[in-house]
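Okay, start.cif now, which holds mmCIF, C-alpha atoms:
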data_entry
loop_
_atom_site.label_atom_id
_atom_site.label_comp_id
_atom_site.auth_asym_id
_atom_site.auth_seq_id
_atom_site.Cartn_x
_atom_site.Cartn_y
_atom_site.Cartn_z
CA MET A 1 -21.55 5.63 47.59
CA THR A 2 -21.59 9.39 47.68
CA ALA A 3 -20.64 11.71 44.86
CA GLU A 4 -17.47 12.65 46.71
CA GLY A 5 -16.37 8.98 46.61
CA ARG A 6 -16.95 8.65 42.88
CA ILE A 7 -14.85 11.68 41.92
CA PRO A 8 -11.46 10.24 42.99
CA ARG A 9 -12.14 7.09 40.93
CA VAL A 10 -13.40 8.90 37.83
CA THR A 11 -10.53 11.38 37.71
CA PRO A 12 -7.71 8.83 37.06
CA LEU A 13 -9.84 7.15 34.37
CA LEU A 14 -10.39 10.44 32.57
CA ALA A 15 -6.70 11.26 32.88
CA ARG A 16 -5.69 7.93 31.33
CA LEU A 17 -8.25 8.40 28.58
CA ALA A 18 -6.93 11.89 27.86
CA ARG A 19 -3.33 10.64 27.74
CA PHE A 20 -4.30 7.77 25.44
CA THR A 21 -6.18 10.12 23.14
CA GLY A 22 -3.27 12.56 23.08
CA ARG A 23 -0.72 9.85 22.27
CA THR A 24 -2.96 8.44 19.54
CA LEU A 25 -3.56 11.79 17.89
CA TRP A 26 0.12 12.76 18.15
CA GLY A 27 1.26 9.47 16.65
CA GLU A 28 -1.27 9.77 13.85
CA TRP A 29 -0.18 13.36 13.17
CA ARG A 30 3.44 12.25 12.89
CA ALA A 31 2.63 9.25 10.69
CA ILE A 32 0.19 10.91 8.29
CA VAL A 33 1.47 14.51 8.17
CA VAL A 34 4.94 15.01 9.66
CA ASP A 35 6.74 12.06 8.05
CA PRO A 36 5.39 12.70 4.52
CA VAL A 37 6.27 16.40 4.80
CA ARG A 38 9.83 15.52 5.82
CA ARG A 39 10.18 13.15 2.88
CA LEU A 40 8.76 15.80 0.57
CA ALA A 41 11.38 18.25 1.85
CA ARG A 42 14.13 15.74 1.04
CA ARG A 43 12.82 14.56 -2.34
CA GLY A 44 11.21 17.74 -3.60
CA LEU A 45 8.47 17.71 -6.23
CA SER A 46 9.79 14.42 -7.62
CA GLY A 47 8.01 12.73 -4.72
CA LEU A 48 4.62 13.91 -6.06
CA VAL A 49 4.76 12.53 -9.58
CA LEU A 50 1.80 10.17 -9.15
CA ALA A 51 -0.28 12.87 -7.47
CA PHE A 52 0.29 15.33 -10.33
CA VAL A 53 -0.34 12.64 -12.97
CA ALA A 54 -3.59 11.53 -11.33
CA ALA A 55 -4.90 15.08 -10.93
CA PHE A 56 -3.87 16.05 -14.45
CA GLY A 57 -5.43 12.87 -15.88
CA VAL A 58 -8.81 13.57 -14.31
CA VAL A 59 -8.79 17.19 -15.51
CA PHE A 60 -7.66 16.10 -18.98
CA PHE A 61 -10.39 13.50 -19.46
CA HIS A 62 -12.99 15.85 -17.96
CA ASP A 63 -12.16 18.55 -20.50
CA ILE A 64 -12.17 16.08 -23.39
CA ALA A 65 -15.54 14.66 -22.36
CA GLN A 66 -17.15 18.10 -22.77
CA HIS A 67 -17.16 17.62 -26.56
CA PRO A 68 -19.22 14.94 -28.31
CA THR A 69 -16.28 13.38 -30.12
CA GLY A 70 -14.12 13.50 -27.02
CA ALA A 71 -16.88 11.95 -24.90
CA LEU A 72 -17.07 9.08 -27.38
CA TRP A 73 -13.34 8.39 -27.14
CA VAL A 74 -13.37 8.68 -23.36
CA GLU A 75 -16.18 6.12 -23.33
CA ARG A 76 -14.20 3.77 -25.55
CA LEU A 77 -10.97 4.10 -23.57
CA GLY A 78 -12.17 4.17 -19.97
CA GLY A 79 -15.89 3.50 -19.88
CA VAL A 80 -16.47 0.44 -17.68
CA ARG A 81 -19.87 -1.21 -17.30
CA ALA A 82 -20.78 -4.54 -15.81
CA GLU A 83 -22.55 -5.55 -19.00
CA LEU A 84 -19.28 -5.46 -20.95
CA PRO A 85 -17.16 -8.59 -21.43
CA LEU A 86 -14.73 -9.21 -18.62
CA TRP A 87 -11.62 -8.84 -20.77
CA LEU A 88 -12.80 -5.45 -22.04
CA SER A 89 -13.57 -4.23 -18.52
CA LEU A 90 -10.12 -5.30 -17.33
CA LEU A 91 -8.56 -3.52 -20.29
CA ARG A 92 -10.40 -0.28 -19.56
CA THR A 93 -10.05 -0.32 -15.76
CA PRO A 94 -6.63 1.45 -15.58
CA VAL A 95 -7.94 4.32 -17.71
CA SER A 96 -11.25 4.43 -15.82
CA LEU A 97 -9.38 5.69 -12.75
CA TYR A 98 -8.88 9.01 -14.55
CA VAL A 99 -12.38 9.28 -16.00
CA PRO A 100 -14.50 11.33 -13.57
CA ALA A 101 -17.86 9.96 -12.50
CA LEU A 102 -20.91 11.66 -13.94
CA ASP A 103 -22.75 12.19 -10.64
CA LEU A 104 -19.81 13.59 -8.65
CA PRO A 105 -18.28 17.09 -8.79
CA VAL A 106 -14.90 16.96 -10.49
CA TRP A 107 -13.15 19.92 -8.89
CA ALA A 108 -14.23 18.94 -5.38
CA GLY A 109 -12.64 15.52 -5.77
CA ILE A 110 -9.35 16.79 -7.20
CA THR A 111 -8.10 17.84 -3.76
CA GLN A 112 -8.91 14.46 -2.22
CA LEU A 113 -7.34 12.69 -5.18
CA PHE A 114 -4.14 14.73 -4.98
CA LEU A 115 -3.80 14.32 -1.22
CA ALA A 116 -4.43 10.57 -1.36
CA PHE A 117 -1.81 9.91 -4.03
CA ALA A 118 0.64 12.43 -2.53
CA VAL A 119 0.60 10.99 0.99
CA ALA A 120 0.62 7.42 -0.32
CA GLU A 121 3.51 8.05 -2.72
CA LEU A 122 5.61 9.71 -0.02
CA THR A 123 4.78 7.04 2.55
CA LEU A 124 4.53 3.81 0.53
CA GLY A 125 6.46 4.51 -2.64
CA ARG A 126 5.24 4.67 -6.22
CA ALA A 127 5.02 0.95 -6.92
CA ARG A 128 2.97 0.08 -3.85
CA THR A 129 0.74 3.13 -4.34
CA LEU A 130 -0.13 2.00 -7.85
CA VAL A 131 -0.75 -1.57 -6.68
CA ILE A 132 -3.09 -0.50 -3.87
CA ALA A 133 -4.99 1.97 -6.07
CA TYR A 134 -5.49 -0.54 -8.87
CA ALA A 135 -6.25 -3.49 -6.58
CA THR A 136 -8.98 -1.66 -4.67
CA THR A 137 -10.54 -0.33 -7.86
CA LEU A 138 -10.45 -3.74 -9.49
CA ALA A 139 -11.95 -5.35 -6.39
CA GLY A 140 -14.91 -2.99 -6.55
CA THR A 141 -15.40 -3.56 -10.28
CA LEU A 142 -15.31 -7.36 -10.04
CA THR A 143 -17.56 -7.45 -6.99
CA ALA A 144 -20.12 -5.29 -8.79
CA ARG A 145 -20.24 -7.88 -11.58
CA LEU A 146 -20.78 -10.58 -8.97
CA MET A 147 -23.61 -8.64 -7.33
CA ILE A 148 -25.36 -8.21 -10.67
CA ALA A 149 -24.84 -11.87 -11.55
CA LEU A 150 -26.50 -12.94 -8.29
CA GLY A 151 -29.52 -10.71 -8.94
CA PRO A 152 -31.85 -9.06 -6.44
CA GLY A 153 -32.14 -10.56 -3.01
CA TRP A 154 -29.32 -12.38 -1.24
CA TRP A 155 -29.91 -10.33 1.92
CA GLY A 156 -29.38 -7.08 0.05
CA PHE A 157 -26.09 -8.17 -1.56
CA GLY A 158 -27.38 -8.73 -5.09
CA LEU A 159 -28.25 -6.03 -7.62
CA PRO A 160 -30.83 -5.89 -10.41
CA PRO A 161 -29.67 -6.37 -14.01
CA GLU A 162 -30.29 -2.67 -14.72
CA ALA A 163 -27.19 -1.84 -12.65
CA GLY A 164 -25.05 -3.34 -15.41
CA HIS A 165 -25.79 -0.34 -17.62
CA VAL A 166 -24.42 2.16 -15.07
CA LEU A 167 -21.12 3.77 -16.02
CA ASP A 168 -18.56 2.66 -13.44
CA THR A 169 -15.69 5.15 -13.59
CA GLY A 170 -13.85 7.54 -11.33
CA PRO A 171 -10.91 7.49 -8.93
CA SER A 172 -13.07 7.50 -5.78
CA ALA A 173 -12.51 3.79 -5.03
CA ALA A 174 -8.74 4.25 -5.37
CA VAL A 175 -8.81 7.32 -3.10
CA VAL A 176 -10.81 5.51 -0.43
CA GLY A 177 -8.58 2.45 -0.75
CA LEU A 178 -5.38 4.46 -0.36
CA PHE A 179 -6.60 6.36 2.69
CA THR A 180 -7.87 3.15 4.29
CA TYR A 181 -4.62 1.30 3.59
CA LEU A 182 -2.60 4.17 5.06
CA SER A 183 -4.77 4.28 8.16
CA VAL A 184 -4.27 0.54 8.71
CA VAL A 185 -0.50 0.36 8.18
CA ARG A 186 0.10 3.65 10.02
CA ARG A 187 -2.43 2.96 12.80
CA ALA A 188 -4.45 6.10 12.20
CA PRO A 189 -7.96 5.58 13.62
CA VAL A 190 -9.10 9.12 12.86
CA VAL A 191 -8.30 8.79 9.15
CA PHE A 192 -9.89 5.36 9.11
CA THR A 193 -13.08 6.73 10.67
CA LEU A 194 -13.24 9.63 8.22
CA THR A 195 -12.75 7.35 5.20
CA GLY A 196 -14.27 3.99 6.06
CA GLY A 197 -16.97 5.45 8.28
CA SER A 198 -18.02 7.94 5.63
CA MET A 199 -18.28 5.15 3.07
CA VAL A 200 -20.50 3.11 5.37
CA TRP A 201 -22.74 6.12 5.89
CA GLU A 202 -22.83 6.78 2.13
CA SER A 203 -23.83 3.19 1.35
CA ILE A 204 -26.65 3.40 3.92
CA ALA A 205 -27.88 6.83 2.87
CA VAL A 206 -27.58 6.23 -0.89
CA PRO A 207 -27.63 2.47 -1.60
CA ASN A 208 -26.29 2.63 -5.14
CA LEU A 209 -23.57 0.81 -7.05
CA ALA A 210 -20.86 3.35 -6.22
CA GLY A 211 -21.49 3.11 -2.47
CA ARG A 212 -21.18 -0.66 -2.53
CA GLU A 213 -17.98 -0.51 -4.54
CA HIS A 214 -16.54 1.91 -2.01
CA LEU A 215 -17.30 -0.55 0.78
CA VAL A 216 -15.56 -3.30 -1.19
CA ALA A 217 -12.56 -1.00 -1.72
CA VAL A 218 -12.40 -0.33 2.03
CA ALA A 219 -12.55 -4.06 2.79
CA ALA A 220 -9.86 -4.87 0.21
CA ALA A 221 -7.59 -2.14 1.59
CA ILE A 222 -8.03 -3.46 5.14
CA VAL A 223 -7.05 -6.97 4.04
CA LEU A 224 -4.02 -5.70 2.14
CA GLY A 225 -2.97 -3.58 5.09
CA LEU A 226 -3.22 -6.49 7.51
CA LEU A 227 -1.24 -8.73 5.16
CA ARG A 228 1.58 -6.24 4.75
CA GLY A 229 4.90 -7.59 5.98
CA ARG A 230 3.62 -11.13 6.36
CA GLY A 231 4.72 -12.27 2.92
CA GLU A 232 8.38 -12.42 3.86
CA ARG A 233 7.61 -14.20 7.12
CA PHE A 234 5.49 -16.72 5.24
CA ARG A 235 8.28 -17.37 2.73
CA SER A 236 10.77 -17.75 5.56
CA ALA A 237 8.47 -20.22 7.33
CA VAL A 238 8.08 -22.23 4.13
CA ARG A 239 11.82 -22.29 3.44
CA SER A 240 12.86 -23.10 6.99
CA PRO A 241 12.03 -26.88 6.98
CA TRP A 242 14.04 -27.46 3.80
CA PRO A 243 17.83 -27.64 3.81
CA VAL A 244 19.61 -24.72 2.24
CA ARG A 245 21.67 -25.64 -0.78
CA ARG A 246 24.98 -23.89 -0.90
CA ARG A 247 26.24 -22.99 -4.29
CA PRO A 248 29.80 -24.05 -5.05
CA SER A 249 32.23 -21.20 -5.00
CA ARG A 250 33.58 -20.15 -8.38
CA THR A 251 36.75 -18.74 -6.87
CA PRO A 252 39.69 -20.99 -7.87
CA PRO A 253 41.52 -22.63 -4.99
CA PRO A 254 44.82 -20.99 -4.02
CA ALA A 255 47.97 -22.34 -5.67
CA PRO A 256 49.90 -24.77 -3.49
CA GLY A 257 52.95 -23.15 -1.91
CA PRO A 258 56.25 -24.73 -0.95
CA PRO A 259 55.94 -27.45 1.69
CA PRO A 260 56.77 -26.32 5.18
CA LYS A 261 60.20 -27.29 6.46
CA ALA A 262 60.16 -30.06 8.97
CA ASP A 263 61.73 -29.41 12.31
CA ARG A 264 65.06 -31.22 12.55
CA PRO A 265 66.84 -32.04 15.83
CA GLU A 266 70.04 -30.40 14.73
CA ASP A 267 68.23 -27.13 13.98
CA ALA A 268 67.18 -26.96 17.60
CA GLN A 269 70.83 -27.14 18.87
CA PRO A 270 72.79 -23.90 19.18
CA ARG A 271 75.31 -23.32 16.45
CA VAL A 272 78.98 -22.93 17.39
CA PRO A 273 81.00 -20.26 15.54
CA ALA A 274 83.57 -21.59 13.09
CA ARG A 275 86.51 -19.97 14.88
CA PHE A 276 85.93 -22.14 17.92
CA LEU A 277 85.77 -25.32 15.82
CA ASP A 278 89.26 -24.78 14.33
CA ARG A 279 90.95 -24.77 17.72
#
In structure tokens, what does this structure look like?
Amino acid sequence: MTAEGRIPRVTPLLARLARFTGRTLWGEWRAIVVDPVRRLARRGLSGLVLAFVAAFGVVFFHDIAQHPTGALWVERLGGVRAELPLWLSLLRTPVSLYVPALDLPVWAGITQLFLAFAVAELTLGRARTLVIAYATTLAGTLTARLMIALGPGWWGFGLPPEAGHVLDTGPSAAVVGLFTYLSVVRRAPVVFTLTGGSMVWESIAVPNLAGREHLVAVAAAIVLGLLRGRGERFRSAVRSPWPVRRRPSRTPPPAPGPPPKADRPEDAQPRVPARFLDR
């Protein structure tokens, strides 16, 4: 086959690929940028409460940790390590979201933190945003304890006991989890590649505890995103085989009215005026 014969076949394929790419990018732009901006215009700054609280919390704990006494209280309130008892780690996990990690720049992560909570709050609502952020962070924390409990080996899954002394704080797992969840439910492959793909590259380039927790957060967000909307269908499928019990109505029955008059034969005959009967 000559080169002239290949060109007519390649051109429609490239055109379809270009149209598919354009539709995907346009749909992702509308889902991730346009829709949240419209909701922000309707709701105003009240739609960014979680974003402002998260950013202010990280800045607040960062400033407190600059002093020795403040660093001690930050450690007691939000310092999570795998060597701590489980109940204490669970108690400190909500506060640990606002405690910045020691090896990451604080001010560089504030923008990502604000954008993640802002877009998620405008798109998902406050309750679901908090659930996703906490669930992904907690998944990373619990999986880290499991890795340390297994020990080295296990095809690279386990961690040495020294990893239990590492301070496990920061909102990075929540940020990655929120972006991944949004990319799944909104079908945004570009955002998913920038978040999940970057975490995979980070875990390969720097195989530390934080990188593994980020991968766990990405996996947990993917599962939560795929399960969204199936809870109601599952409950409907469970309830469908069982008969529905109807509650008795509390409205009192209507009072009985007068009985209807029975049709009599004489009522059907035409009445004759009285003046004709007297004659």
Check your understanding: In Å, how far is it from CA of Gly170 (chain A) to CA of Gly158 (chain A)?
Key ->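 A separation of 22.1 Å between them.
Using only C-alpha atoms, the smallest distance between any of A:Ala144, A:Trp201, A:Arg186, A:Val223 and Arg30 (chain A) comes from A:Arg186.
Straight-line separation from CA of Leu124 (chain A) to CA of Leu227 (chain A): 14.6 Å.
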Can you list, as a short mmCIF file (atom, residue, chain, number, x, y, z; two decimals) with C-alpha atoms, keeping the file's coordinate frame, every protein, DNA or RNA residue that comes within 12 Å of Pro36 (chain A) when you count all atoms listed in the file, leaving out same-chain residues fewer than 4 positions away?
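Result file follows (part22.cif):
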data_model
loop_
_atom_site.label_atom_id
_atom_site.label_comp_id
_atom_site.auth_asym_id
_atom_site.auth_seq_id
_atom_site.Cartn_x
_atom_site.Cartn_y
_atom_site.Cartn_z
CA GLU A 28 -1.27 9.77 13.85
CA TRP A 29 -0.18 13.36 13.17
CA ARG A 30 3.44 12.25 12.89
CA ALA A 31 2.63 9.25 10.69
CA ILE A 32 0.19 10.91 8.29
CA LEU A 40 8.76 15.80 0.57
CA ALA A 41 11.38 18.25 1.85
CA ARG A 42 14.13 15.74 1.04
CA ARG A 43 12.82 14.56 -2.34
CA GLY A 44 11.21 17.74 -3.60
CA GLY A 47 8.01 12.73 -4.72
CA LEU A 48 4.62 13.91 -6.06
CA LEU A 115 -3.80 14.32 -1.22
CA ALA A 116 -4.43 10.57 -1.36
CA PHE A 117 -1.81 9.91 -4.03
CA ALA A 118 0.64 12.43 -2.53
CA VAL A 119 0.60 10.99 0.99
CA ALA A 120 0.62 7.42 -0.32
CA GLU A 121 3.51 8.05 -2.72
CA LEU A 122 5.61 9.71 -0.02
CA THR A 123 4.78 7.04 2.55
CA LEU A 124 4.53 3.81 0.53
CA GLY A 125 6.46 4.51 -2.64
CA LEU A 182 -2.60 4.17 5.06
CA ARG A 186 0.10 3.65 10.02
#
Exercise for review: May I ask which of the residues A:Gly22, A:Arg92, A:Val99, A:Leu215 is the closest one to Ile64 (chain A), counting all atoms listed in the file?
Suggested key: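 The answer is A:Val99, which sits nearest to Ile64 (chain A).
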Review point. Please, what distance in Å, to one decimal, runs between CA of Ser203 (chain A) and CA of Thr136 (chain A)?
Key: 16.7 Å
Exercise for review: Report as a VMD selection string the full result of the PyMOL selection byres ((chain A and resi 135) around 10) when it is applied to this structure.
Suggested key: chain A and resid 129 to 134 136 to 141 173 to 174 177 217 220 to 221 224
Practice item. Determine the residue membership of the PyMOL selection byres ((chain A and resi 98) around 10) for the file above and supply it as a list in words. Key: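 Output of the PyMOL selection byres ((chain A and resi 98) around 10): Val53, Ala54, Ala55, Phe56, Gly57, Val58, Val59, Phe60, Phe61, His62, Val74, Gly78, Thr93, Pro94, Val95, Ser96, Leu97, Val99, Pro100, Ala101, Thr169, Gly170, Pro171 and Ser172 of chain A.
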Practice item. Within 10 Å of Ser198 (chain A), counting all atoms listed in the file, which residues show up once you throw out same-chain ones fewer than 5 positions away? Write them as a VMD selection string, please. Key: chain A and resid 176 192 to 193 203 to 204 214 to 215
Check your understanding: Of the candidates A:Ala127, A:Leu167, A:Val216, A:Ala205, which one gets nearest to Arg76 (chain A) if we count all atoms listed in the file?
Key -> A:Leu167
Provide region 162-182 of chain A rebuilt to N, CA, C and O atoms, formatted as an mmCIF file, keeping the file's coordinate frame.
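Ended up saving to result-v4.cif:
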data_model
loop_
_atom_site.group_PDB
_atom_site.id
_atom_site.type_symbol
_atom_site.label_atom_id
_atom_site.label_comp_id
_atom_site.auth_asym_id
_atom_site.auth_seq_id
_atom_site.Cartn_x
_atom_site.Cartn_y
_atom_site.Cartn_z
ATOM 1 N N GLU A 162 -30.417 -4.041 -14.203
ATOM 2 C CA GLU A 162 -30.290 -2.670 -14.720
ATOM 3 C C GLU A 162 -29.022 -1.982 -14.244
ATOM 4 O O GLU A 162 -28.546 -1.027 -14.870
ATOM 5 N N ALA A 163 -28.424 -2.449 -13.142
ATOM 6 C CA ALA A 163 -27.190 -1.840 -12.650
ATOM 7 C C ALA A 163 -26.015 -2.095 -13.584
ATOM 8 O O ALA A 163 -24.994 -1.405 -13.499
ATOM 9 N N GLY A 164 -26.128 -3.072 -14.468
ATOM 10 C CA GLY A 164 -25.050 -3.340 -15.410
ATOM 11 C C GLY A 164 -24.885 -2.266 -16.463
ATOM 12 O O GLY A 164 -23.836 -2.200 -17.113
ATOM 13 N N HIS A 165 -25.891 -1.414 -16.643
ATOM 14 C CA HIS A 165 -25.790 -0.340 -17.620
ATOM 15 C C HIS A 165 -25.187 0.934 -17.034
ATOM 16 O O HIS A 165 -24.949 1.899 -17.774
ATOM 17 N N VAL A 166 -24.959 0.961 -15.723
ATOM 18 C CA VAL A 166 -24.420 2.160 -15.070
ATOM 19 C C VAL A 166 -22.945 2.294 -15.387
ATOM 20 O O VAL A 166 -22.188 1.312 -15.323
ATOM 21 N N LEU A 167 -22.530 3.506 -15.735
ATOM 22 C CA LEU A 167 -21.120 3.770 -16.020
ATOM 23 C C LEU A 167 -20.327 3.744 -14.719
ATOM 24 O O LEU A 167 -20.615 4.495 -13.779
ATOM 25 N N ASP A 168 -19.341 2.872 -14.665
ATOM 26 C CA ASP A 168 -18.560 2.660 -13.440
ATOM 27 C C ASP A 168 -17.154 3.215 -13.646
ATOM 28 O O ASP A 168 -16.223 2.493 -14.023
ATOM 29 N N THR A 169 -16.990 4.495 -13.410
ATOM 30 C CA THR A 169 -15.690 5.150 -13.590
ATOM 31 C C THR A 169 -15.423 6.052 -12.394
ATOM 32 O O THR A 169 -16.268 6.254 -11.527
ATOM 33 N N GLY A 170 -14.219 6.599 -12.372
ATOM 34 C CA GLY A 170 -13.850 7.540 -11.330
ATOM 35 C C GLY A 170 -12.787 7.001 -10.406
ATOM 36 O O GLY A 170 -12.675 5.787 -10.198
ATOM 37 N N PRO A 171 -11.979 7.904 -9.827
ATOM 38 C CA PRO A 171 -10.910 7.490 -8.930
ATOM 39 C C PRO A 171 -11.332 7.391 -7.469
ATOM 40 O O PRO A 171 -10.485 7.274 -6.587
ATOM 41 N N SER A 172 -12.637 7.454 -7.175
ATOM 42 C CA SER A 172 -13.070 7.500 -5.780
ATOM 43 C C SER A 172 -12.720 6.210 -5.036
ATOM 44 O O SER A 172 -12.317 6.246 -3.866
ATOM 45 N N ALA A 173 -12.855 5.055 -5.688
ATOM 46 C CA ALA A 173 -12.510 3.790 -5.030
ATOM 47 C C ALA A 173 -11.017 3.740 -4.712
ATOM 48 O O ALA A 173 -10.610 3.264 -3.640
ATOM 49 N N ALA A 174 -10.187 4.229 -5.625
ATOM 50 C CA ALA A 174 -8.740 4.250 -5.370
ATOM 51 C C ALA A 174 -8.398 5.205 -4.232
ATOM 52 O O ALA A 174 -7.538 4.905 -3.396
ATOM 53 N N VAL A 175 -9.068 6.355 -4.173
ATOM 54 C CA VAL A 175 -8.810 7.320 -3.100
ATOM 55 C C VAL A 175 -9.193 6.734 -1.746
ATOM 56 O O VAL A 175 -8.426 6.804 -0.768
ATOM 57 N N VAL A 176 -10.368 6.124 -1.683
ATOM 58 C CA VAL A 176 -10.810 5.510 -0.430
ATOM 59 C C VAL A 176 -9.887 4.352 -0.045
ATOM 60 O O VAL A 176 -9.525 4.180 1.127
ATOM 61 N N GLY A 177 -9.483 3.567 -1.037
ATOM 62 C CA GLY A 177 -8.580 2.450 -0.750
ATOM 63 C C GLY A 177 -7.230 2.903 -0.239
ATOM 64 O O GLY A 177 -6.678 2.306 0.697
ATOM 65 N N LEU A 178 -6.680 3.961 -0.818
ATOM 66 C CA LEU A 178 -5.380 4.460 -0.360
ATOM 67 C C LEU A 178 -5.447 5.018 1.052
ATOM 68 O O LEU A 178 -4.578 4.735 1.887
ATOM 69 N N PHE A 179 -6.472 5.813 1.338
ATOM 70 C CA PHE A 179 -6.600 6.360 2.690
ATOM 71 C C PHE A 179 -6.826 5.250 3.717
ATOM 72 O O PHE A 179 -6.273 5.291 4.825
ATOM 73 N N THR A 180 -7.626 4.257 3.354
ATOM 74 C CA THR A 180 -7.870 3.150 4.290
ATOM 75 C C THR A 180 -6.604 2.339 4.510
ATOM 76 O O THR A 180 -6.287 1.959 5.653
ATOM 77 N N TYR A 181 -5.863 2.062 3.452
ATOM 78 C CA TYR A 181 -4.620 1.300 3.590
ATOM 79 C C TYR A 181 -3.617 2.061 4.455
ATOM 80 O O TYR A 181 -2.949 1.475 5.319
ATOM 81 N N LEU A 182 -3.505 3.366 4.236
ATOM 82 C CA LEU A 182 -2.600 4.170 5.060
ATOM 83 C C LEU A 182 -3.019 4.181 6.518
ATOM 84 O O LEU A 182 -2.170 4.105 7.416
#
